[in-house]
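As provided, work.pdb (PDB, C-alpha atoms, pLDDT in the B column) reads as follows.
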```pdb
ATOM      1  CA  MET H 515       0.000   0.000   0.000  1.00 43.00           C
ATOM      2  CA  PRO H 516       1.611   3.278  -1.063  1.00 47.00           C
ATOM      3  CA  GLY H 517       1.371   6.331   1.124  1.00 45.00           C
ATOM      4  CA  THR H 518       3.195   7.978   3.967  1.00 56.00           C
ATOM      5  CA  ASN H 519       1.880   5.570   6.590  1.00 64.00           C
ATOM      6  CA  SER H 520       3.731   2.687   4.868  1.00 79.00           C
ATOM      7  CA  SER H 521       7.036   4.519   5.085  1.00 90.00           C
ATOM      8  CA  LYS H 522       9.441   3.306   7.747  1.00 94.00           C
ATOM      9  CA  ILE H 523      12.676   4.659   9.115  1.00 96.00           C
ATOM     10  CA  ILE H 524      15.507   2.337   8.131  1.00 97.00           C
ATOM     11  CA  SER H 525      19.026   2.835   9.443  1.00 98.00           C
ATOM     12  CA  VAL H 526      22.093   1.197   7.958  1.00 98.00           C
ATOM     13  CA  ILE H 527      25.261   0.962  10.048  1.00 98.00           C
ATOM     14  CA  SER H 528      28.283   0.268   7.859  1.00 98.00           C
ATOM     15  CA  ARG H 529      31.280  -0.873   9.924  1.00 98.00           C
ATOM     16  CA  GLN H 530      33.654  -2.516   7.441  1.00 97.00           C
ATOM     17  CA  ALA H 531      36.474  -1.147   5.299  1.00 97.00           C
ATOM     18  CA  PRO H 532      35.583  -0.842   1.606  1.00 97.00           C
ATOM     19  CA  TYR H 533      37.480  -3.626  -0.247  1.00 97.00           C
ATOM     20  CA  GLY H 534      38.460  -6.355   2.255  1.00 94.00           C
ATOM     21  CA  SER H 535      34.930  -7.807   2.114  1.00 95.00           C
ATOM     22  CA  ASN H 536      31.719  -7.102   0.171  1.00 95.00           C
ATOM     23  CA  ARG H 537      29.855  -5.934   3.283  1.00 96.00           C
ATOM     24  CA  ALA H 538      30.422  -2.238   2.631  1.00 97.00           C
ATOM     25  CA  HIS H 539      28.946  -2.654  -0.839  1.00 96.00           C
ATOM     26  CA  GLN H 540      25.994  -4.644   0.466  1.00 97.00           C
ATOM     27  CA  SER H 541      25.214  -1.946   3.038  1.00 97.00           C
ATOM     28  CA  LEU H 542      24.982   0.573   0.233  1.00 97.00           C
ATOM     29  CA  ASP H 543      22.734  -1.723  -1.831  1.00 96.00           C
ATOM     30  CA  ILE H 544      20.349  -2.069   1.117  1.00 97.00           C
ATOM     31  CA  ALA H 545      20.161   1.705   1.568  1.00 97.00           C
ATOM     32  CA  LEU H 546      19.587   2.453  -2.110  1.00 96.00           C
ATOM     33  CA  ALA H 547      16.946  -0.268  -2.430  1.00 96.00           C
ATOM     34  CA  ALA H 548      15.098   1.100   0.606  1.00 96.00           C
ATOM     35  CA  ALA H 549      15.313   4.650  -0.748  1.00 96.00           C
ATOM     36  CA  VAL H 550      13.847   3.580  -4.107  1.00 95.00           C
ATOM     37  CA  PHE H 551      10.817   2.283  -2.192  1.00 94.00           C
ATOM     38  CA  GLU H 552      10.473   5.710  -0.553  1.00 94.00           C
ATOM     39  CA  GLN H 553      11.564   4.689   2.905  1.00 95.00           C
ATOM     40  CA  THR H 554      13.358   7.148   5.148  1.00 96.00           C
ATOM     41  CA  VAL H 555      16.987   6.022   5.300  1.00 97.00           C
ATOM     42  CA  ASN H 556      19.764   6.903   7.733  1.00 97.00           C
ATOM     43  CA  TYR H 557      23.300   5.853   6.792  1.00 98.00           C
ATOM     44  CA  ILE H 558      25.865   5.626   9.581  1.00 98.00           C
ATOM     45  CA  PHE H 559      29.598   5.004   9.176  1.00 98.00           C
ATOM     46  CA  MET H 560      31.188   3.474  12.265  1.00 98.00           C
ATOM     47  CA  GLY H 561      34.370   1.568  13.078  1.00 97.00           C
ATOM     48  CA  ASP H 562      36.406   0.623  10.018  1.00 97.00           C
ATOM     49  CA  GLY H 563      33.458   1.812   7.916  1.00 97.00           C
ATOM     50  CA  VAL H 564      34.828   5.353   8.121  1.00 97.00           C
ATOM     51  CA  TYR H 565      37.658   4.225   5.806  1.00 97.00           C
ATOM     52  CA  GLN H 566      35.063   4.031   3.024  1.00 97.00           C
ATOM     53  CA  LEU H 567      34.946   7.822   2.974  1.00 97.00           C
ATOM     54  CA  LEU H 568      38.641   8.611   2.458  1.00 95.00           C
ATOM     55  CA  GLY H 569      39.362  10.814  -0.541  1.00 92.00           C
ATOM     56  CA  ASN H 570      41.638   9.905  -3.463  1.00 93.00           C
ATOM     57  CA  GLN H 571      40.621   6.213  -3.633  1.00 96.00           C
ATOM     58  CA  ASN H 572      41.190   4.349  -6.882  1.00 96.00           C
ATOM     59  CA  ALA H 573      40.308   0.675  -6.741  1.00 96.00           C
ATOM     60  CA  THR H 574      41.174  -0.013 -10.392  1.00 96.00           C
ATOM     61  CA  SER H 575      44.627  -0.937  -9.022  1.00 94.00           C
ATOM     62  CA  ILE H 576      43.031  -3.988  -7.359  1.00 96.00           C
ATOM     63  CA  GLN H 577      40.476  -4.667 -10.141  1.00 94.00           C
ATOM     64  CA  SER H 578      37.550  -3.394  -8.052  1.00 94.00           C
ATOM     65  CA  LYS H 579      35.043  -0.554  -8.284  1.00 94.00           C
ATOM     66  CA  THR H 580      35.889   2.522  -6.238  1.00 95.00           C
ATOM     67  CA  LEU H 581      33.208   2.418  -3.555  1.00 95.00           C
ATOM     68  CA  VAL H 582      33.360   6.083  -2.556  1.00 93.00           C
ATOM     69  CA  ASN H 583      32.099   7.056  -6.036  1.00 93.00           C
ATOM     70  CA  ALA H 584      29.027   4.894  -5.462  1.00 93.00           C
ATOM     71  CA  LEU H 585      28.512   6.411  -2.004  1.00 94.00           C
ATOM     72  CA  GLU H 586      28.051   9.770  -3.693  1.00 91.00           C
ATOM     73  CA  THR H 587      24.756   8.388  -5.068  1.00 91.00           C
ATOM     74  CA  LEU H 588      23.274   8.359  -1.530  1.00 93.00           C
ATOM     75  CA  ASP H 589      22.363  12.005  -2.045  1.00 91.00           C
ATOM     76  CA  LEU H 590      20.889  11.340  -5.514  1.00 92.00           C
ATOM     77  CA  TYR H 591      18.603   8.724  -3.993  1.00 93.00           C
ATOM     78  CA  GLY H 592      17.324  11.262  -1.487  1.00 92.00           C
ATOM     79  CA  ILE H 593      19.239   9.893   1.495  1.00 94.00           C
ATOM     80  CA  GLU H 594      20.061  12.985   3.499  1.00 89.00           C
ATOM     81  CA  GLY H 595      20.842  11.446   6.870  1.00 94.00           C
ATOM     82  CA  VAL H 596      24.482  10.454   6.365  1.00 97.00           C
ATOM     83  CA  TYR H 597      26.405  10.278   9.638  1.00 98.00           C
ATOM     84  CA  VAL H 598      29.959   9.518  10.711  1.00 98.00           C
ATOM     85  CA  ASP H 599      30.894   8.430  14.214  1.00 98.00           C
ATOM     86  CA  SER H 600      33.334  10.970  15.595  1.00 97.00           C
ATOM     87  CA  GLN H 601      35.027   8.498  17.945  1.00 98.00           C
ATOM     88  CA  SER H 602      35.786   6.081  15.088  1.00 97.00           C
ATOM     89  CA  LEU H 603      37.575   8.889  13.225  1.00 96.00           C
ATOM     90  CA  THR H 604      39.631   9.846  16.277  1.00 95.00           C
ATOM     91  CA  GLU H 605      40.640   6.223  16.941  1.00 94.00           C
ATOM     92  CA  ARG H 606      41.979   5.998  13.368  1.00 94.00           C
ATOM     93  CA  ASN H 607      43.830   9.332  13.398  1.00 91.00           C
ATOM     94  CA  LEU H 608      41.454  10.732  10.783  1.00 93.00           C
ATOM     95  CA  LYS H 609      40.042  14.251  10.558  1.00 94.00           C
ATOM     96  CA  PRO H 610      36.712  15.314   9.036  1.00 94.00           C
ATOM     97  CA  SER H 611      38.759  17.037   6.299  1.00 94.00           C
ATOM     98  CA  ASP H 612      40.133  13.606   5.245  1.00 93.00           C
ATOM     99  CA  LEU H 613      36.619  12.571   4.171  1.00 95.00           C
ATOM    100  CA  SER H 614      35.502  13.093   0.590  1.00 91.00           C
ATOM    101  CA  LEU H 615      31.758  13.021   1.255  1.00 90.00           C
ATOM    102  CA  VAL H 616      29.694  15.657   3.058  1.00 84.00           C
ATOM    103  CA  THR H 617      28.426  14.024   6.226  1.00 90.00           C
ATOM    104  CA  SER H 618      27.332  14.935   9.740  1.00 95.00           C
ATOM    105  CA  ILE H 619      29.968  14.080  12.345  1.00 97.00           C
ATOM    106  CA  VAL H 620      28.076  12.728  15.348  1.00 97.00           C
ATOM    107  CA  SER H 621      28.691  11.328  18.815  1.00 98.00           C
ATOM    108  CA  ARG H 622      27.799   7.836  20.035  1.00 97.00           C
ATOM    109  CA  ASP H 623      24.869   9.378  21.951  1.00 97.00           C
ATOM    110  CA  GLU H 624      23.454  10.797  18.737  1.00 97.00           C
ATOM    111  CA  ILE H 625      23.889   7.437  16.996  1.00 97.00           C
ATOM    112  CA  ALA H 626      22.041   5.774  19.867  1.00 97.00           C
ATOM    113  CA  LYS H 627      19.130   8.180  19.304  1.00 97.00           C
ATOM    114  CA  ILE H 628      19.075   7.466  15.565  1.00 97.00           C
ATOM    115  CA  VAL H 629      19.000   3.718  16.245  1.00 97.00           C
ATOM    116  CA  GLN H 630      16.251   4.178  18.813  1.00 97.00           C
ATOM    117  CA  SER H 631      14.115   6.177  16.364  1.00 97.00           C
ATOM    118  CA  SER H 632      14.465   3.543  13.610  1.00 97.00           C
ATOM    119  CA  ASP H 633      11.917   0.894  12.675  1.00 97.00           C
ATOM    120  CA  SER H 634      14.692  -1.362  11.350  1.00 96.00           C
ATOM    121  CA  VAL H 635      18.477  -1.338  11.648  1.00 97.00           C
ATOM    122  CA  PHE H 636      20.834  -3.122   9.266  1.00 97.00           C
ATOM    123  CA  ASN H 637      24.192  -3.576  10.946  1.00 96.00           C
ATOM    124  CA  LEU H 638      26.903  -4.780   8.562  1.00 94.00           C
TER     125      LEU H 638
ATOM    126  CA  MET F1062      65.848 -18.719   8.837  1.00 88.00           C
ATOM    127  CA  SER F1063      63.769 -15.661   8.110  1.00 95.00           C
ATOM    128  CA  THR F1064      60.028 -15.334   7.759  1.00 97.00           C
ATOM    129  CA  LEU F1065      57.818 -12.951   5.802  1.00 98.00           C
ATOM    130  CA  HIS F1066      54.641 -12.114   7.732  1.00 98.00           C
ATOM    131  CA  THR F1067      51.780 -10.885   5.545  1.00 98.00           C
ATOM    132  CA  LEU F1068      48.970  -9.074   7.378  1.00 97.00           C
ATOM    133  CA  SER F1069      45.688  -8.472   5.564  1.00 97.00           C
ATOM    134  CA  LYS F1070      43.211  -7.100   8.123  1.00 97.00           C
ATOM    135  CA  ALA F1071      42.577  -3.615   9.531  1.00 96.00           C
ATOM    136  CA  PRO F1072      44.210  -2.519  12.828  1.00 95.00           C
ATOM    137  CA  SER F1073      40.896  -2.884  14.714  1.00 94.00           C
ATOM    138  CA  LEU F1074      41.416  -6.668  14.834  1.00 94.00           C
ATOM    139  CA  GLY F1075      44.657  -6.280  16.803  1.00 93.00           C
ATOM    140  CA  LEU F1076      46.559  -8.790  14.637  1.00 96.00           C
ATOM    141  CA  LEU F1077      49.728  -6.721  14.447  1.00 94.00           C
ATOM    142  CA  GLU F1078      50.222  -6.875  18.191  1.00 93.00           C
ATOM    143  CA  THR F1079      50.034 -10.682  18.152  1.00 95.00           C
ATOM    144  CA  CYS F1080      52.271 -10.888  15.090  1.00 96.00           C
ATOM    145  CA  LEU F1081      54.935  -8.655  16.641  1.00 94.00           C
ATOM    146  CA  SER F1082      54.867 -10.666  19.867  1.00 94.00           C
ATOM    147  CA  ILE F1083      56.301 -13.716  18.090  1.00 94.00           C
ATOM    148  CA  ILE F1084      58.364 -12.067  15.368  1.00 95.00           C
ATOM    149  CA  GLN F1085      62.116 -12.607  15.165  1.00 94.00           C
ATOM    150  CA  SER F1086      64.904 -10.251  14.207  1.00 94.00           C
ATOM    151  CA  GLY F1087      65.517 -10.578  10.466  1.00 94.00           C
ATOM    152  CA  ASP F1088      61.816 -11.158   9.708  1.00 97.00           C
ATOM    153  CA  ALA F1089      59.708  -8.755   7.667  1.00 97.00           C
ATOM    154  CA  VAL F1090      56.050  -7.632   7.812  1.00 96.00           C
ATOM    155  CA  LEU F1091      54.219  -6.952   4.562  1.00 97.00           C
ATOM    156  CA  LEU F1092      50.911  -5.087   4.920  1.00 97.00           C
ATOM    157  CA  ILE F1093      48.414  -6.095   2.233  1.00 97.00           C
ATOM    158  CA  GLU F1094      44.661  -5.605   1.573  1.00 97.00           C
ATOM    159  CA  ASP F1095      43.031  -3.998   4.668  1.00 97.00           C
ATOM    160  CA  GLY F1096      46.364  -4.407   6.466  1.00 97.00           C
ATOM    161  CA  VAL F1097      47.578  -1.267   4.689  1.00 96.00           C
ATOM    162  CA  TYR F1098      45.364   0.816   7.030  1.00 95.00           C
ATOM    163  CA  HIS F1099      48.123   0.282   9.611  1.00 94.00           C
ATOM    164  CA  CYS F1100      50.056   3.037   7.851  1.00 91.00           C
ATOM    165  CA  GLN F1101      47.572   5.443   9.500  1.00 84.00           C
ATOM    166  CA  GLN F1102      48.627   4.207  12.934  1.00 81.00           C
ATOM    167  CA  PRO F1103      51.184   6.032  15.089  1.00 79.00           C
ATOM    168  CA  ALA F1104      54.669   5.325  13.705  1.00 80.00           C
ATOM    169  CA  GLU F1105      55.913   3.773  16.960  1.00 81.00           C
ATOM    170  CA  LEU F1106      53.504   0.842  16.511  1.00 82.00           C
ATOM    171  CA  LEU F1107      55.293  -0.029  13.294  1.00 84.00           C
ATOM    172  CA  LYS F1108      58.727  -0.257  14.807  1.00 84.00           C
ATOM    173  CA  LYS F1109      60.452  -3.376  16.025  1.00 86.00           C
ATOM    174  CA  ALA F1110      64.180  -3.930  16.282  1.00 84.00           C
ATOM    175  CA  GLY F1111      65.519  -5.903  13.325  1.00 89.00           C
ATOM    176  CA  VAL F1112      62.124  -6.093  11.572  1.00 93.00           C
ATOM    177  CA  LYS F1113      61.410  -4.349   8.264  1.00 94.00           C
ATOM    178  CA  PHE F1114      57.915  -3.163   7.325  1.00 94.00           C
ATOM    179  CA  TYR F1115      56.540  -3.060   3.799  1.00 96.00           C
ATOM    180  CA  CYS F1116      53.213  -1.956   2.346  1.00 96.00           C
ATOM    181  CA  LEU F1117      51.652  -3.080  -0.943  1.00 97.00           C
ATOM    182  CA  ARG F1118      51.361  -0.127  -3.314  1.00 96.00           C
ATOM    183  CA  GLU F1119      48.271  -1.341  -5.217  1.00 97.00           C
ATOM    184  CA  ASP F1120      46.276  -1.638  -1.974  1.00 97.00           C
ATOM    185  CA  LEU F1121      47.391   1.826  -0.824  1.00 96.00           C
ATOM    186  CA  ILE F1122      46.225   3.361  -4.111  1.00 96.00           C
ATOM    187  CA  ALA F1123      42.849   1.584  -3.941  1.00 97.00           C
ATOM    188  CA  ARG F1124      42.188   2.837  -0.409  1.00 96.00           C
ATOM    189  CA  GLY F1125      43.267   6.462  -0.938  1.00 95.00           C
ATOM    190  CA  LEU F1126      46.339   6.115   1.293  1.00 94.00           C
ATOM    191  CA  ILE F1127      49.163   6.467  -1.211  1.00 92.00           C
ATOM    192  CA  ASP F1128      49.849  10.144  -0.392  1.00 88.00           C
ATOM    193  CA  ARG F1129      49.514   9.676   3.352  1.00 83.00           C
ATOM    194  CA  LYS F1130      52.296   9.520   5.847  1.00 67.00           C
ATOM    195  CA  LEU F1131      53.995   6.155   5.901  1.00 71.00           C
ATOM    196  CA  GLY F1132      56.765   6.748   8.410  1.00 72.00           C
ATOM    197  CA  ALA F1133      59.431   4.084   8.075  1.00 71.00           C
ATOM    198  CA  ILE F1134      57.352   1.747   5.873  1.00 89.00           C
ATOM    199  CA  GLU F1135      58.697   0.960   2.446  1.00 92.00           C
ATOM    200  CA  THR F1136      56.189   0.686  -0.410  1.00 95.00           C
ATOM    201  CA  VAL F1137      56.459  -2.294  -2.785  1.00 97.00           C
ATOM    202  CA  ASN F1138      54.442  -3.269  -5.863  1.00 97.00           C
ATOM    203  CA  THR F1139      53.260  -6.784  -6.771  1.00 96.00           C
ATOM    204  CA  GLN F1140      56.683  -7.635  -8.196  1.00 97.00           C
ATOM    205  CA  GLY F1141      58.194  -6.522  -4.878  1.00 97.00           C
ATOM    206  CA  PHE F1142      55.732  -8.848  -3.099  1.00 98.00           C
ATOM    207  CA  VAL F1143      57.079 -11.752  -5.158  1.00 97.00           C
ATOM    208  CA  ASP F1144      60.680 -10.700  -4.455  1.00 98.00           C
ATOM    209  CA  LEU F1145      59.969 -10.596  -0.702  1.00 98.00           C
ATOM    210  CA  CYS F1146      58.447 -14.090  -0.825  1.00 97.00           C
ATOM    211  CA  ALA F1147      61.535 -15.357  -2.611  1.00 97.00           C
ATOM    212  CA  ALA F1148      63.927 -13.570  -0.251  1.00 97.00           C
ATOM    213  CA  HIS F1149      62.532 -15.210   2.902  1.00 97.00           C
ATOM    214  CA  ASP F1150      62.622 -18.858   3.899  1.00 97.00           C
ATOM    215  CA  GLY F1151      58.971 -19.037   4.898  1.00 96.00           C
ATOM    216  CA  ILE F1152      55.704 -17.076   4.899  1.00 97.00           C
ATOM    217  CA  VAL F1153      53.131 -16.673   7.669  1.00 97.00           C
ATOM    218  CA  ASN F1154      49.747 -15.124   6.821  1.00 97.00           C
ATOM    219  CA  TRP F1155      47.887 -13.096   9.452  1.00 97.00           C
ATOM    220  CA  PHE F1156      44.184 -12.682   8.669  1.00 95.00           C
TER     221      PHE F1156
END
```

Could you write out this file's structure as structure tokens?
Amino acid sequence: MPGTNSSKIISVISRQAPYGSNRAHQSLDIALAAAVFEQTVNYIFMGDGVYQLLGNQNATSIQSKTLVNALETLDLYGIEGVYVDSQSLTERNLKPSDLSLVTSIVSRDEIAKIVQSSDSVFNL
Amino acid sequence: MSTLHTLSKAPSLGLLETCLSIIQSGDAVLLIEDGVYHCQQPAELLKKAGVKFYCLREDLIARGLIDRKLGAIETVNTQGFVDLCAAHDGIVNWF
């Protein structure tokens, strides 16, 4: 049944580095699929997932697709809630200026609130 | 006898610590795949007396790390990977 009352809040927590496994890619597929069906999507980068956002990636050197280019489509699919865990950046000696995508840098408390407000959470 | 230790997972798994606890002088550590994220770690973590550290160039390029600070780590390409394998008596994979 179409309509606003069928729309749910879906949050995706992406915690893996971009090329060591396919989980980062699968997280993105989940988010884009949900967005196509007009769900409200939050996308959260935590842990090693923050590595997905580093600038100057070029995965042609390892015969893969550069994931960060695909992440730029989050905005095109109407996904505005893109968040990065501040603590995960600090633990990896990364600064917000190292990231190539415009995101909100948030605390663990804020992530907890996002999770709490979600109907479903995909944690990959 | 010398051993080449290849490490292919991100620092969050804590593999390097375990690897360095059993490593011998004359051994080498080659960071590959997600292991190359160790080059973002404080330089003192990548120091061990008598142990050389290497990083695979192709994996650094893929992950956007090629222009980042590498401290004392030498960068090698795939050919260098092969040369390192040939130069050591054995190989231990950490993953």

Nearest candidate to chain H (options F:Leu1091, F:Val1153, F:Ala1123, F:Cys1116; using all atoms listed in the file): F:Ala1123

Residues returned when the ChimeraX specification (/H :<9) & /F runs on this file, as a count of residues only: 22

Evaluate the PyMOL selection byres ((chain H and resi 630-636) around 12) and report residues as a ChimeraX atom specification: /H:520-529,537-538,540-545,548,553-559,623-629,637-638

List the neighbours of His1066 (chain F) out to 12 Å using only C-alpha atoms; skip same-chain residues closer than 6 positions along the sequence, and give me the result as a compact mmCIF listing (two decimals) with C-alpha atoms, keeping the file's coordinate frame.
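What ended up in selection.txt:
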```txt
# COMPACT_ATOMS: atom_id res chain seq x y z
CA LEU F 1076 46.56 -8.79 14.64
CA LEU F 1077 49.73 -6.72 14.45
CA THR F 1079 50.03 -10.68 18.15
CA CYS F 1080 52.27 -10.89 15.09
CA LEU F 1081 54.94 -8.65 16.64
CA ILE F 1083 56.30 -13.72 18.09
CA ILE F 1084 58.36 -12.07 15.37
CA GLN F 1085 62.12 -12.61 15.16
CA GLY F 1087 65.52 -10.58 10.47
CA ASP F 1088 61.82 -11.16 9.71
CA ALA F 1089 59.71 -8.76 7.67
CA VAL F 1090 56.05 -7.63 7.81
CA LEU F 1091 54.22 -6.95 4.56
CA LEU F 1092 50.91 -5.09 4.92
CA ILE F 1093 48.41 -6.10 2.23
CA GLY F 1096 46.36 -4.41 6.47
CA VAL F 1112 62.12 -6.09 11.57
CA LYS F 1113 61.41 -4.35 8.26
CA PHE F 1114 57.92 -3.16 7.32
CA TYR F 1115 56.54 -3.06 3.80
CA CYS F 1116 53.21 -1.96 2.35
CA PHE F 1142 55.73 -8.85 -3.10
CA LEU F 1145 59.97 -10.60 -0.70
CA CYS F 1146 58.45 -14.09 -0.82
CA HIS F 1149 62.53 -15.21 2.90
CA ASP F 1150 62.62 -18.86 3.90
CA GLY F 1151 58.97 -19.04 4.90
CA ILE F 1152 55.70 -17.08 4.90
CA VAL F 1153 53.13 -16.67 7.67
CA ASN F 1154 49.75 -15.12 6.82
CA TRP F 1155 47.89 -13.10 9.45
CA PHE F 1156 44.18 -12.68 8.67
```

For CA of Leu1106 (chain F) and CA of Val598 (chain H), the interatomic separation in Å (one decimal):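 It comes out at 25.8 Å.
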
Enclose all atoms of region 1083-1095 of chain F listed in the file in an axis-aligned box, grow every side by 6 Å, and hand back centre and edge lengths in Å to one decimal, as lines of an AutoDock Vina configuration file.
```
center_x = 54.3
center_y = -8.9
center_z = 9.8
size_x = 34.5
size_y = 21.7
size_z = 28.5
```

Two-atom distance - CA of Asp599 (chain H), CA of Val564 (chain H) (Å): 7.9 Å

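Between CA of Gly592 (chain H) and CA of Ala547 (chain H) the separation is 11.6 Å.
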
With the PyMOL selection byres ((chain F and resi 1133) around 10) as the selection, what would be picked from this file? Answer as a PDB file with C-alpha atoms, keeping the file's coordinate frame, please.
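Listing of selection-v1.pdb after writing:
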```
ATOM      1  CA  CYS F1100      50.056   3.037   7.851  1.00 91.00           C
ATOM      2  CA  ALA F1104      54.669   5.325  13.705  1.00 80.00           C
ATOM      3  CA  GLU F1105      55.913   3.773  16.960  1.00 81.00           C
ATOM      4  CA  LEU F1107      55.293  -0.029  13.294  1.00 84.00           C
ATOM      5  CA  LYS F1108      58.727  -0.257  14.807  1.00 84.00           C
ATOM      6  CA  LYS F1113      61.410  -4.349   8.264  1.00 94.00           C
ATOM      7  CA  PHE F1114      57.915  -3.163   7.325  1.00 94.00           C
ATOM      8  CA  TYR F1115      56.540  -3.060   3.799  1.00 96.00           C
ATOM      9  CA  LYS F1130      52.296   9.520   5.847  1.00 67.00           C
ATOM     10  CA  LEU F1131      53.995   6.155   5.901  1.00 71.00           C
ATOM     11  CA  GLY F1132      56.765   6.748   8.410  1.00 72.00           C
ATOM     12  CA  ILE F1134      57.352   1.747   5.873  1.00 89.00           C
ATOM     13  CA  GLU F1135      58.697   0.960   2.446  1.00 92.00           C
ATOM     14  CA  THR F1136      56.189   0.686  -0.410  1.00 95.00           C
TER      15      THR F1136
END
```

F:Ala1148, F:His1099, F:Leu1117, F:Ser1082 ranked by distance to Leu1065 (chain F), top pick (using only C-alpha atoms): F:Ala1148

Using all atoms listed in the file: which of H:Gly563, H:Ser614, H:His539, H:Phe551 has the shortest distance to Ser600 (chain H):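 Checking each candidate against Ser600 (chain H), we get H:Gly563 as the closest.
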